[in-house]
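J.: So here's my_file_0.cif (mmCIF, C-alpha atoms).
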data_start
#
loop_
_atom_site.label_atom_id
_atom_site.label_comp_id
_atom_site.auth_asym_id
_atom_site.auth_seq_id
_atom_site.Cartn_x
_atom_site.Cartn_y
_atom_site.Cartn_z
CA MET A 1 -84.90 -111.24 111.59
CA PHE A 2 -87.35 -108.84 109.92
CA SER A 3 -84.85 -106.35 108.61
CA ASN A 4 -84.78 -104.77 105.17
CA SER A 5 -82.91 -107.84 104.00
CA ASP A 6 -84.89 -110.50 102.18
CA GLU A 7 -82.49 -113.14 103.53
CA ALA A 8 -84.51 -113.74 106.74
CA VAL A 9 -84.71 -117.37 107.89
CA ILE A 10 -88.46 -117.64 107.27
CA ASN A 11 -87.99 -116.61 103.65
CA LYS A 12 -85.30 -119.22 103.16
CA LYS A 13 -87.12 -122.06 104.89
CA LEU A 14 -90.64 -121.60 103.47
CA PRO A 15 -91.44 -121.55 99.77
CA LYS A 16 -93.27 -118.49 98.48
CA GLU A 17 -96.34 -120.58 97.73
CA LEU A 18 -96.67 -121.53 101.41
CA LEU A 19 -96.08 -117.97 102.61
CA LEU A 20 -98.74 -116.81 100.16
CA ARG A 21 -101.12 -119.39 101.58
CA ILE A 22 -100.45 -118.15 105.14
CA PHE A 23 -101.03 -114.55 104.10
CA SER A 24 -104.40 -115.52 102.62
CA PHE A 25 -105.77 -115.91 106.17
CA LEU A 26 -104.83 -112.39 107.28
CA ASP A 27 -107.13 -109.37 107.52
CA VAL A 28 -106.61 -106.10 105.67
CA VAL A 29 -104.72 -104.32 108.45
CA THR A 30 -102.34 -107.23 109.06
CA LEU A 31 -101.64 -107.60 105.36
CA CYS A 32 -100.71 -103.93 105.14
CA ARG A 33 -98.35 -104.33 108.08
CA CYS A 34 -96.73 -107.38 106.52
CA ALA A 35 -96.23 -105.43 103.32
CA GLN A 36 -93.88 -103.10 105.22
CA VAL A 37 -91.58 -105.85 106.53
CA SER A 38 -89.46 -106.37 103.43
CA ARG A 39 -89.55 -106.21 99.66
CA SER A 40 -90.40 -109.89 99.27
CA TRP A 41 -93.19 -109.68 101.85
CA ASN A 42 -94.51 -106.58 100.18
CA VAL A 43 -94.91 -108.51 96.94
CA LEU A 44 -96.55 -111.45 98.71
CA ALA A 45 -98.86 -109.38 100.94
CA LEU A 46 -100.11 -107.27 98.05
CA ASP A 47 -100.65 -110.24 95.74
CA GLY A 48 -104.17 -110.06 94.36
CA SER A 49 -105.01 -113.58 95.55
CA ASN A 50 -104.91 -112.33 99.17
CA TRP A 51 -107.50 -109.68 98.46
CA GLN A 52 -110.52 -111.75 97.47
CA ARG A 53 -112.63 -110.50 100.42
CA ILE A 54 -112.36 -106.91 101.70
CA ASP A 55 -114.47 -105.15 104.32
CA LEU A 56 -113.66 -101.46 104.74
CA PHE A 57 -116.46 -100.58 107.16
CA ASP A 58 -114.00 -99.93 110.01
CA PHE A 59 -112.23 -97.36 107.83
CA GLN A 60 -115.33 -95.75 106.36
CA ARG A 61 -114.38 -92.20 107.35
CA ASP A 62 -111.04 -92.46 105.58
CA ILE A 63 -112.10 -94.16 102.36
CA GLU A 64 -112.32 -91.92 99.33
CA GLY A 65 -112.80 -92.75 95.68
CA ARG A 66 -109.09 -93.00 94.87
CA VAL A 67 -108.65 -95.70 97.56
CA VAL A 68 -111.31 -97.84 95.90
CA GLU A 69 -109.73 -97.28 92.51
CA ASN A 70 -106.30 -98.34 93.79
CA ILE A 71 -107.72 -101.42 95.46
CA SER A 72 -109.51 -102.41 92.27
CA LYS A 73 -106.31 -102.09 90.26
CA ARG A 74 -104.39 -104.15 92.80
CA CYS A 75 -107.00 -106.91 93.17
CA GLY A 76 -108.33 -107.09 89.63
CA GLY A 77 -110.14 -110.30 88.84
CA PHE A 78 -109.25 -111.87 92.21
CA LEU A 79 -111.73 -109.78 94.19
CA ARG A 80 -114.99 -111.60 94.97
CA LYS A 81 -116.43 -109.72 97.96
CA LEU A 82 -116.19 -106.02 98.83
CA SER A 83 -117.98 -104.05 101.54
CA LEU A 84 -117.91 -100.26 101.33
CA ARG A 85 -120.74 -99.91 103.85
CA GLY A 86 -120.87 -96.39 105.19
CA CYS A 87 -118.10 -95.05 102.94
CA LEU A 88 -119.69 -91.68 102.23
CA GLY A 89 -116.74 -90.44 100.17
CA VAL A 90 -117.15 -93.04 97.41
CA GLY A 91 -119.05 -92.03 94.29
CA ASP A 92 -119.93 -93.13 90.77
CA SER A 93 -116.54 -92.40 89.20
CA ALA A 94 -114.61 -94.66 91.57
CA LEU A 95 -117.14 -97.44 91.17
CA ARG A 96 -116.93 -97.25 87.41
CA THR A 97 -113.18 -97.87 87.65
CA PHE A 98 -113.87 -100.63 90.18
CA SER A 99 -116.39 -102.31 87.86
CA GLN A 100 -113.97 -102.26 84.96
CA ASN A 101 -111.14 -103.82 86.99
CA CYS A 102 -113.03 -106.31 89.19
CA ARG A 103 -115.26 -108.16 86.78
CA ASN A 104 -115.51 -111.28 88.93
CA ILE A 105 -117.11 -109.49 91.89
CA GLU A 106 -119.94 -111.54 93.41
CA LEU A 107 -120.85 -109.64 96.57
CA LEU A 108 -120.84 -105.84 96.82
CA SER A 109 -122.15 -103.71 99.68
CA LEU A 110 -122.67 -100.01 99.04
CA ASN A 111 -125.00 -99.60 102.00
CA GLY A 112 -125.12 -95.94 102.99
CA CYS A 113 -122.92 -94.74 100.13
CA THR A 114 -125.18 -91.77 99.53
CA LYS A 115 -123.23 -90.38 96.55
CA ILE A 116 -124.15 -93.40 94.47
CA THR A 117 -126.59 -92.88 91.59
CA ASP A 118 -127.98 -94.92 88.70
CA SER A 119 -124.61 -94.47 86.96
CA THR A 120 -123.01 -97.00 89.31
CA CYS A 121 -125.61 -99.65 88.49
CA ASN A 122 -125.03 -99.01 84.80
CA SER A 123 -121.33 -99.72 85.33
CA LEU A 124 -122.05 -102.89 87.30
CA SER A 125 -124.44 -104.02 84.61
CA LYS A 126 -121.86 -103.46 81.88
CA PHE A 127 -118.82 -105.05 83.53
CA CYS A 128 -119.90 -107.36 86.41
CA PRO A 129 -122.07 -110.21 85.07
CA LYS A 130 -121.20 -112.52 88.00
CA LEU A 131 -122.70 -110.23 90.65
CA LYS A 132 -124.94 -112.20 93.03
CA HIS A 133 -125.41 -110.02 96.14
CA LEU A 134 -125.82 -106.24 95.97
CA ASP A 135 -126.63 -103.94 98.89
CA LEU A 136 -127.79 -100.43 97.93
CA ALA A 137 -129.68 -99.65 101.15
CA SER A 138 -130.04 -95.92 101.83
CA CYS A 139 -128.64 -94.99 98.40
CA THR A 140 -131.57 -92.66 97.96
CA SER A 141 -130.67 -91.47 94.45
CA ILE A 142 -131.31 -94.95 93.04
CA THR A 143 -134.33 -95.12 90.71
CA ASN A 144 -136.03 -97.63 88.44
CA LEU A 145 -133.22 -97.09 85.92
CA SER A 146 -130.83 -98.92 88.24
CA LEU A 147 -133.09 -101.95 88.49
CA LYS A 148 -133.53 -102.04 84.73
CA ALA A 149 -129.76 -101.89 84.24
CA LEU A 150 -129.15 -104.68 86.76
CA SER A 151 -131.76 -106.84 85.07
CA GLU A 152 -129.95 -106.50 81.75
CA GLY A 153 -126.40 -107.16 82.91
CA CYS A 154 -126.56 -109.14 86.18
CA PRO A 155 -128.83 -112.15 85.51
CA LEU A 156 -127.24 -114.17 88.35
CA LEU A 157 -128.43 -111.74 91.03
CA GLU A 158 -129.68 -113.65 94.09
CA GLN A 159 -129.97 -110.96 96.75
CA LEU A 160 -130.76 -107.25 96.43
CA ASN A 161 -131.20 -104.70 99.19
CA ILE A 162 -132.75 -101.39 98.09
CA SER A 163 -134.21 -100.45 101.46
CA TRP A 164 -135.05 -96.74 101.74
CA CYS A 165 -134.60 -96.22 98.00
CA ASP A 166 -137.98 -94.56 97.92
CA GLN A 167 -137.91 -93.56 94.26
CA VAL A 168 -138.34 -97.17 93.17
CA THR A 169 -141.78 -98.16 91.85
CA LYS A 170 -143.48 -101.22 90.40
CA ASP A 171 -141.87 -100.57 86.99
CA GLY A 172 -138.37 -101.11 88.38
CA ILE A 173 -139.43 -104.23 90.29
CA GLN A 174 -141.08 -105.64 87.16
CA ALA A 175 -137.94 -105.17 85.07
CA LEU A 176 -135.75 -106.72 87.76
CA VAL A 177 -137.71 -109.87 88.50
CA ARG A 178 -138.41 -110.74 84.88
CA CYS A 179 -134.69 -111.09 84.11
CA CYS A 180 -133.37 -112.32 87.49
CA PRO A 181 -135.35 -115.51 88.14
CA GLY A 182 -132.87 -116.73 90.75
CA LEU A 183 -133.64 -114.00 93.29
CA LYS A 184 -133.72 -115.42 96.81
CA GLY A 185 -133.63 -112.28 98.92
CA LEU A 186 -135.37 -108.92 98.37
CA PHE A 187 -135.09 -106.16 100.95
CA LEU A 188 -137.54 -103.37 100.10
CA LYS A 189 -137.90 -101.76 103.52
CA GLY A 190 -139.09 -98.17 103.26
CA CYS A 191 -139.82 -98.31 99.52
CA THR A 192 -143.02 -96.42 100.15
CA GLN A 193 -144.15 -96.15 96.51
CA LEU A 194 -144.54 -99.91 96.12
CA GLU A 195 -148.11 -101.18 95.75
CA ASP A 196 -149.72 -104.56 95.23
CA GLU A 197 -148.80 -104.56 91.52
CA ALA A 198 -145.11 -104.78 92.44
CA LEU A 199 -145.80 -107.78 94.68
CA LYS A 200 -147.73 -109.50 91.91
CA HIS A 201 -144.66 -109.29 89.67
CA ILE A 202 -142.50 -110.78 92.44
CA GLY A 203 -144.96 -113.60 93.06
CA ALA A 204 -145.11 -114.41 89.35
CA HIS A 205 -141.37 -114.42 88.63
CA CYS A 206 -139.48 -115.31 91.86
CA PRO A 207 -140.25 -118.95 92.69
CA GLU A 208 -136.96 -119.30 94.62
CA LEU A 209 -137.60 -116.35 96.95
CA VAL A 210 -136.62 -117.13 100.54
CA THR A 211 -136.48 -113.70 102.23
CA LEU A 212 -138.73 -110.69 101.67
CA ASN A 213 -138.69 -107.47 103.70
CA LEU A 214 -141.52 -105.00 103.08
CA GLN A 215 -141.36 -103.09 106.33
CA THR A 216 -143.28 -99.77 106.23
CA CYS A 217 -144.41 -100.33 102.63
CA SER A 218 -147.70 -98.91 103.80
CA GLN A 219 -149.62 -99.14 100.51
CA ILE A 220 -149.54 -102.93 100.19
CA THR A 221 -152.59 -105.02 101.08
CA ASP A 222 -153.63 -108.66 101.36
CA GLU A 223 -154.10 -108.85 97.58
CA GLY A 224 -150.43 -108.41 96.77
CA LEU A 225 -149.13 -110.52 99.65
CA ILE A 226 -151.41 -113.43 98.84
CA THR A 227 -149.85 -113.48 95.35
CA ILE A 228 -146.43 -113.71 97.01
CA CYS A 229 -147.55 -116.65 99.16
CA ARG A 230 -148.98 -118.54 96.21
CA GLY A 231 -145.92 -118.02 94.01
CA CYS A 232 -143.08 -118.27 96.55
CA HIS A 233 -143.48 -121.59 98.34
CA HIS A 234 -139.86 -121.54 99.59
CA LEU A 235 -140.43 -118.37 101.62
CA GLN A 236 -138.73 -118.60 105.01
CA SER A 237 -138.60 -114.99 106.22
CA LEU A 238 -141.25 -112.30 105.80
CA CYS A 239 -141.30 -108.83 107.33
CA VAL A 240 -144.41 -106.72 106.85
CA SER A 241 -144.13 -104.66 110.03
CA GLY A 242 -145.90 -101.35 109.69
CA CYS A 243 -148.12 -102.55 106.85
CA ALA A 244 -151.34 -101.65 108.60
CA ASN A 245 -153.69 -102.74 105.80
CA ILE A 246 -153.06 -106.47 106.10
CA THR A 247 -155.57 -108.80 107.78
CA ASP A 248 -155.88 -112.44 108.80
CA ALA A 249 -156.15 -113.33 105.10
CA ILE A 250 -152.37 -113.10 104.78
CA LEU A 251 -151.84 -115.41 107.77
CA HIS A 252 -154.17 -117.97 106.17
CA ALA A 253 -152.28 -117.67 102.87
CA LEU A 254 -148.94 -118.17 104.62
CA GLY A 255 -150.25 -121.19 106.47
CA LEU A 256 -151.59 -122.82 103.32
CA ASN A 257 -148.67 -122.03 100.99
CA CYS A 258 -145.43 -121.43 102.95
CA PRO A 259 -144.85 -124.33 105.37
CA ARG A 260 -141.11 -123.54 105.62
CA LEU A 261 -141.67 -120.10 107.17
CA ARG A 262 -139.17 -119.49 109.99
CA ILE A 263 -139.35 -115.73 110.60
CA LEU A 264 -142.47 -113.58 110.63
CA GLU A 265 -142.43 -109.91 111.59
CA VAL A 266 -145.85 -108.27 111.70
CA ALA A 267 -145.34 -105.49 114.27
CA ARG A 268 -148.02 -102.78 114.24
CA CYS A 269 -150.36 -104.87 112.07
CA SER A 270 -153.32 -104.20 114.32
CA GLN A 271 -155.96 -106.05 112.25
CA LEU A 272 -154.44 -109.50 112.87
CA THR A 273 -156.31 -111.75 115.31
CA ASP A 274 -156.16 -115.15 117.01
CA VAL A 275 -158.07 -116.67 114.08
CA GLY A 276 -155.27 -115.94 111.61
CA PHE A 277 -152.47 -116.99 113.96
CA THR A 278 -154.26 -120.25 114.68
CA THR A 279 -154.14 -121.19 110.99
CA LEU A 280 -150.52 -120.06 110.78
CA ALA A 281 -149.34 -122.02 113.83
CA ARG A 282 -151.11 -125.21 112.76
CA ASN A 283 -149.36 -125.22 109.38
CA CYS A 284 -145.97 -123.51 109.90
CA HIS A 285 -144.23 -125.73 112.44
CA GLU A 286 -140.73 -124.40 111.68
CA LEU A 287 -141.36 -120.89 113.04
CA GLU A 288 -138.36 -119.63 115.02
CA LYS A 289 -138.85 -115.87 115.36
CA MET A 290 -142.07 -113.89 115.59
CA ASP A 291 -142.48 -110.16 116.12
CA LEU A 292 -146.10 -109.50 117.11
CA GLU A 293 -145.55 -106.11 118.73
CA GLU A 294 -148.73 -104.03 118.80
CA CYS A 295 -150.87 -106.80 117.35
CA VAL A 296 -153.38 -105.50 119.83
CA GLN A 297 -156.20 -107.94 119.08
CA ILE A 298 -154.37 -111.16 119.92
CA THR A 299 -155.08 -112.94 123.19
CA ASP A 300 -153.85 -116.00 125.07
CA GLY A 301 -155.42 -118.04 122.28
CA THR A 302 -152.51 -117.21 119.99
CA LEU A 303 -149.98 -118.27 122.63
CA ILE A 304 -151.80 -121.54 123.19
CA GLN A 305 -151.57 -122.39 119.49
CA LEU A 306 -147.89 -121.40 119.30
CA SER A 307 -147.10 -123.50 122.37
CA ILE A 308 -148.70 -126.57 120.82
CA HIS A 309 -147.64 -126.33 117.18
CA CYS A 310 -144.35 -124.36 117.07
CA PRO A 311 -141.69 -126.35 118.95
CA ARG A 312 -138.78 -124.42 117.36
CA LEU A 313 -139.79 -120.97 118.56
CA GLN A 314 -136.74 -119.05 119.81
CA VAL A 315 -137.65 -115.34 119.83
CA LEU A 316 -141.11 -113.94 120.54
CA SER A 317 -142.09 -110.28 120.86
CA LEU A 318 -145.48 -109.56 122.44
CA SER A 319 -144.84 -105.94 123.37
CA HIS A 320 -148.02 -103.86 123.63
CA CYS A 321 -150.22 -106.96 123.23
CA GLU A 322 -152.38 -105.77 126.08
CA LEU A 323 -154.78 -108.74 126.17
CA ILE A 324 -152.07 -111.29 126.99
CA THR A 325 -152.36 -112.71 130.52
CA ASP A 326 -150.45 -115.05 132.82
CA ASP A 327 -152.47 -117.99 131.46
CA GLY A 328 -151.05 -117.52 127.97
CA ILE A 329 -147.51 -117.38 129.36
CA ARG A 330 -148.28 -120.54 131.38
CA HIS A 331 -149.11 -122.44 128.20
CA LEU A 332 -146.01 -121.09 126.47
CA GLY A 333 -143.84 -122.10 129.43
CA SER A 334 -145.19 -125.65 129.32
CA GLY A 335 -144.94 -126.07 125.54
CA PRO A 336 -142.21 -127.99 123.69
CA CYS A 337 -140.31 -124.84 122.73
CA ALA A 338 -139.90 -123.85 126.39
CA HIS A 339 -137.44 -126.53 127.39
CA ASP A 340 -134.78 -126.27 124.71
CA ARG A 341 -135.53 -123.45 122.26
CA LEU A 342 -137.08 -120.24 123.61
CA GLU A 343 -134.30 -117.68 124.13
CA VAL A 344 -135.97 -114.24 124.12
CA ILE A 345 -139.45 -113.07 125.07
CA GLU A 346 -140.51 -109.42 125.05
CA LEU A 347 -143.50 -108.48 127.17
CA ASP A 348 -143.15 -104.70 127.33
CA ASN A 349 -146.37 -102.86 128.15
CA CYS A 350 -148.43 -105.99 128.77
CA PRO A 351 -150.46 -104.65 131.71
CA LEU A 352 -152.08 -107.97 132.69
CA ILE A 353 -148.79 -109.80 133.20
CA THR A 354 -147.88 -110.47 136.85
CA ASP A 355 -145.17 -112.26 138.81
CA ALA A 356 -146.99 -115.50 138.06
CA SER A 357 -145.71 -115.29 134.47
CA LEU A 358 -142.14 -115.13 135.74
CA GLU A 359 -142.71 -118.36 137.65
CA HIS A 360 -144.09 -120.03 134.50
CA LEU A 361 -141.02 -118.93 132.49
CA LYS A 362 -138.57 -120.58 134.92
CA THR A 363 -139.12 -123.83 133.01
CA CYS A 364 -137.62 -122.28 129.87
CA HIS A 365 -134.06 -123.53 130.28
CA SER A 366 -132.69 -121.76 127.20
CA LEU A 367 -134.31 -118.42 128.00
CA ASP A 368 -131.62 -115.75 128.04
CA ARG A 369 -133.55 -112.47 128.07
CA ILE A 370 -136.96 -111.17 129.14
CA GLU A 371 -138.10 -107.60 128.53
CA LEU A 372 -140.69 -106.25 130.94
CA TYR A 373 -140.67 -102.49 130.37
CA ASP A 374 -143.73 -100.83 131.93
CA CYS A 375 -145.30 -104.05 133.17
CA GLN A 376 -146.84 -102.42 136.20
CA GLN A 377 -147.88 -105.63 137.95
CA ILE A 378 -144.38 -107.10 137.92
CA THR A 379 -142.64 -106.58 141.27
CA ARG A 380 -139.01 -106.25 142.22
CA ALA A 381 -139.33 -109.34 144.37
CA GLY A 382 -140.57 -111.39 141.41
CA ILE A 383 -137.69 -110.23 139.23
CA LYS A 384 -135.16 -110.95 141.98
CA ARG A 385 -136.47 -114.49 142.40
CA LEU A 386 -136.24 -115.08 138.65
CA ARG A 387 -132.67 -113.79 138.47
CA VAL A 388 -131.55 -115.82 141.46
CA ASP A 389 -133.20 -119.03 140.26
CA THR A 390 -132.20 -118.82 136.58
CA GLY A 391 -129.48 -116.17 136.13
CA MET A 392 -131.24 -114.79 133.04
CA SER A 393 -131.19 -111.15 131.94
CA VAL A 394 -134.33 -109.19 132.78
CA SER A 395 -134.86 -105.69 131.36
CA THR A 396 -137.34 -103.56 133.31
CA PHE A 397 -136.56 -99.93 132.43
CA PRO A 398 -138.45 -97.81 133.31
CA ALA A 399 -138.15 -99.33 136.73
CA VAL A 400 -140.96 -101.49 138.06
CA PRO A 401 -143.06 -99.64 140.63
CA ARG A 402 -141.75 -99.49 144.17
CA PRO A 403 -143.96 -100.99 146.87
CA MET A 404 -146.01 -98.32 148.59
CA CYS A 405 -145.02 -97.47 152.15
#
Since I need it in another form, could you write the structure as structure tokens?
T.:
Amino acid sequence: MFSNSDEAVINKKLPKELLLRIFSFLDVVTLCRCAQVSRSWNVLALDGSNWQRIDLFDFQRDIEGRVVENISKRCGGFLRKLSLRGCLGVGDSALRTFSQNCRNIELLSLNGCTKITDSTCNSLSKFCPKLKHLDLASCTSITNLSLKALSEGCPLLEQLNISWCDQVTKDGIQALVRCCPGLKGLFLKGCTQLEDEALKHIGAHCPELVTLNLQTCSQITDEGLITICRGCHHLQSLCVSGCANITDAILHALGLNCPRLRILEVARCSQLTDVGFTTLARNCHELEKMDLEECVQITDGTLIQLSIHCPRLQVLSLSHCELITDDGIRHLGSGPCAHDRLEVIELDNCPLITDASLEHLKTCHSLDRIELYDCQQITRAGIKRLRVDTGMSVSTFPAVPRPMC
């Protein structure tokens, strides 16, 4: 049936428009295989309308610049989404050709394409005005010049990831946010030169911001983050893990200004206390995920407030919160989130936690995973009872201590 002849039954019975529609649901590999069946299928499979979304991550080791150039010529204006994540062989020249050919691109991932420089962003600025999502994470040659170029030519930008682009400073951020008022997601993880001035520009010009990642931006303080809270009332996800300078003032600001907050990651922010989390919990009732690892000053008081005011809590990390006791877990296990929502709780290196906590967590019907690394008072018998009674996954490596003979 699938010979070199184009007279196969399927070609006679189905109009080309319908075959083209069927092909539109196929992935890249399957399309390439179909293109080898016959001349007519080759034309249909390689039609630009089938290549609106391409993800080449699985082929990253094989992708070189000429492949991207050929794809861009084949797809032209049809291409809307392209992921070249991890394609180390792709550089500025190929992406200039791509930008010229694919002017309707809306989503582009160049995550880990380490050959990329400011030249690529100049090309995108010149030829791709419809660009909305751009991922440049780990493209360490990117500088402020890229952000200035994007601000001039890509005004519709909604999401930008420049994590680990550590040459970027407040000047680049200022240029970007002034001309891209629709920004909803900014991922600035590891941009270690950013200071409070950069955050003030974001707070002043990004009223639609929903997601902000500032992990390990160690120079920022409460001053800059408070500006974010006051200017970005739609904020739903904030990561400031590793920003050791922040205090309870930021938790108060979040509670008073960002009631829609769903995700908060503040790992290794050791100055945060129960006082700040009390204000947060009482005002941010939509919290779903909290990473409080190494918030060493918090006690059961924080868990009591979360259990009362945060019924949607699904994931909670309390690793290295050494003041947490069984009583805090008891309140959490009896709170509204316990019955239907809580899925993951991490209690690594919480030395005061005992088997009693495992009994309290049995009421959490949605709980799928507990992490108990180095909880020295947890016994094998307690873990066995929990597994038998609930079937949930319990991680305890290194192994819990064996009973002494």
J.: Between A:Ser163, A:Thr273, A:Asn50, A:Asn245, which has the minimum distance to Gly224 (chain A) (counting all atoms listed in the file)?
T.: A:Asn245
J.: Exactly which residues make up the result of the PyMOL selection byres ((chain A and resi 237) around 12) on this file, given as a VMD selection string?
T.: chain A and resid 184 to 187 209 to 214 229 232 to 236 238 to 240 254 258 to 266 284 286 to 291
J.: Please produce a file of those selected residues containing C-alpha atoms, as a compact mmCIF listing (two decimals), in the frame of the given file.
T.:
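Contents of result37.txt, as written:
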# COMPACT_ATOMS: atom_id res chain seq x y z
CA LYS A 184 -133.72 -115.42 96.81
CA GLY A 185 -133.63 -112.28 98.92
CA LEU A 186 -135.37 -108.92 98.37
CA PHE A 187 -135.09 -106.16 100.95
CA LEU A 209 -137.60 -116.35 96.95
CA VAL A 210 -136.62 -117.13 100.54
CA THR A 211 -136.48 -113.70 102.23
CA LEU A 212 -138.73 -110.69 101.67
CA ASN A 213 -138.69 -107.47 103.70
CA LEU A 214 -141.52 -105.00 103.08
CA CYS A 229 -147.55 -116.65 99.16
CA CYS A 232 -143.08 -118.27 96.55
CA HIS A 233 -143.48 -121.59 98.34
CA HIS A 234 -139.86 -121.54 99.59
CA LEU A 235 -140.43 -118.37 101.62
CA GLN A 236 -138.73 -118.60 105.01
CA LEU A 238 -141.25 -112.30 105.80
CA CYS A 239 -141.30 -108.83 107.33
CA VAL A 240 -144.41 -106.72 106.85
CA LEU A 254 -148.94 -118.17 104.62
CA CYS A 258 -145.43 -121.43 102.95
CA PRO A 259 -144.85 -124.33 105.37
CA ARG A 260 -141.11 -123.54 105.62
CA LEU A 261 -141.67 -120.10 107.17
CA ARG A 262 -139.17 -119.49 109.99
CA ILE A 263 -139.35 -115.73 110.60
CA LEU A 264 -142.47 -113.58 110.63
CA GLU A 265 -142.43 -109.91 111.59
CA VAL A 266 -145.85 -108.27 111.70
CA CYS A 284 -145.97 -123.51 109.90
CA GLU A 286 -140.73 -124.40 111.68
CA LEU A 287 -141.36 -120.89 113.04
CA GLU A 288 -138.36 -119.63 115.02
CA LYS A 289 -138.85 -115.87 115.36
CA MET A 290 -142.07 -113.89 115.59
CA ASP A 291 -142.48 -110.16 116.12
J.: Could you state which residues are captured by the PyMOL selection byres ((chain A and resi 191-208) around 10) in this file, as number ranges by chain?
T.: A: 158, 162-190, 209-212, 214-235
J.: So how many Å separate CA of Leu280 (chain A) and CA of Lys362 (chain A), to one decimal?
T.: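 Between these atoms lies a distance of 26.9 Å.
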J.: What would the selection look like, as a list of chain:residue names, if the PyMOL selection byres ((chain A and resi 129) around 9) were run on the coordinates I just shared?
T.: A:Arg103, A:Asn104, A:Ile105, A:Glu106, A:Leu124, A:Ser125, A:Lys126, A:Phe127, A:Cys128, A:Lys130, A:Leu131, A:Lys132, A:Gly153, A:Cys154, A:Pro155, A:Leu156, A:Leu157
J.: Residues near His365 (chain A), anyone? I mean within 12 Å using all atoms listed in the file, not counting same-chain ones fewer than 3 positions away, as a list in words.
T.: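 Close residues of His365 (chain A): Gln314, Gly333, Ser334, Pro336, Cys337, Ala338, His339, Asp340, Arg341, Leu342, Glu343, Val344, His360, Leu361, Lys362, Asp368, Arg369, Asp389, Thr390, Gly391 and Met392 of chain A.
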J.: List every protein, DNA or RNA residue with an atom no more than 8 Å from (-135.4, -112.2, 131.3) in the file's coordinates, counting only C-alpha atoms, and format the result as a PyMOL selection string.
T.: chain A and resi 344-345+367-372+386-387+392-395
J.: For Lys73 (chain A), please output as a PyMOL selection string all residues within 9 Å (counting all atoms listed in the file; exclusion window: fewer than 2 positions along the same chain).
T.: chain A and resi 68-71+75-76+97-98+101-102
J.: Which residue out of A:Asn11, A:Ser49, A:Ser123, A:Ser317 has the minimum interatomic distance to Val37 (chain A) when all atoms listed in the file are used?
T.: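 The shortest atom-to-atom distance to Val37 (chain A) comes from A:Asn11.
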J.: Work out how far CA of Arg66 (chain A) is from CA of Val29 (chain A), in Å to one decimal.
T.: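 Computing the Euclidean distance for CA of Val29 (chain A) and CA of Arg66 (chain A) yields 18.2 Å.
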J.: Calculate how many Å separate CA of Leu303 (chain A) from CA of Cys269 (chain A), rounding to one decimal.
T.: 17.1 Å
J.: Asp326 (chain A): which residues within 9 Å, counting only C-alpha atoms, same-chain residues fewer than 5 positions away excluded, as JSON, numbers by chain?
T.: {"A": [300, 331, 352, 353, 354, 355, 356, 357, 358, 360]}
J.: Need to verify the contact set: Gly112 (chain A), 9 Å, all atoms listed in the file, exclusion of same-chain residues closer than 6 positions in sequence. Can you return it as a VMD selection string?
T.: chain A and resid 84 to 88 136 to 140
J.: For the selection just defined, write its residues with C-alpha atoms to a file, as a JSON list (two decimals), in the coordinates of the input.
T.:
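To be explicit, this is the file written out as result27.json:
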[["chain", "number", "residue", "atom", "x", "y", "z"],
["A", 84, "LEU", "CA", -117.91, -100.26, 101.33],
["A", 85, "ARG", "CA", -120.74, -99.91, 103.85],
["A", 86, "GLY", "CA", -120.87, -96.39, 105.19],
["A", 87, "CYS", "CA", -118.10, -95.05, 102.94],
["A", 88, "LEU", "CA", -119.69, -91.68, 102.23],
["A", 136, "LEU", "CA", -127.79, -100.43, 97.93],
["A", 137, "ALA", "CA", -129.68, -99.65, 101.15],
["A", 138, "SER", "CA", -130.04, -95.92, 101.83],
["A", 139, "CYS", "CA", -128.64, -94.99, 98.40],
["A", 140, "THR", "CA", -131.57, -92.66, 97.96]]
J.: Name the closest residue to Val275 (chain A) among the candidates A:Ile298, A:Ala253, A:Ala35, A:Cys113; distances are taken between atoms, counting all atoms listed in the file.
T.: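 Using all atoms listed in the file, the shortest distance to Val275 (chain A) belongs to A:Ile298.
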J.: Of the residues A:Ser72, A:Gln376, A:Ser109, A:Asn122, which is the one nearest to Asp92 (chain A), using only C-alpha atoms?
T.: A:Asn122
J.: Rank A:Thr379, A:Glu293, A:Thr302, A:Arg80 by their smallest atom-to-atom distance to Glu346 (chain A), using all atoms listed in the file, and report the top residue only.
T.: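 Looking only at the distances to Glu346 (chain A), the closest residue turns out to be A:Glu293.
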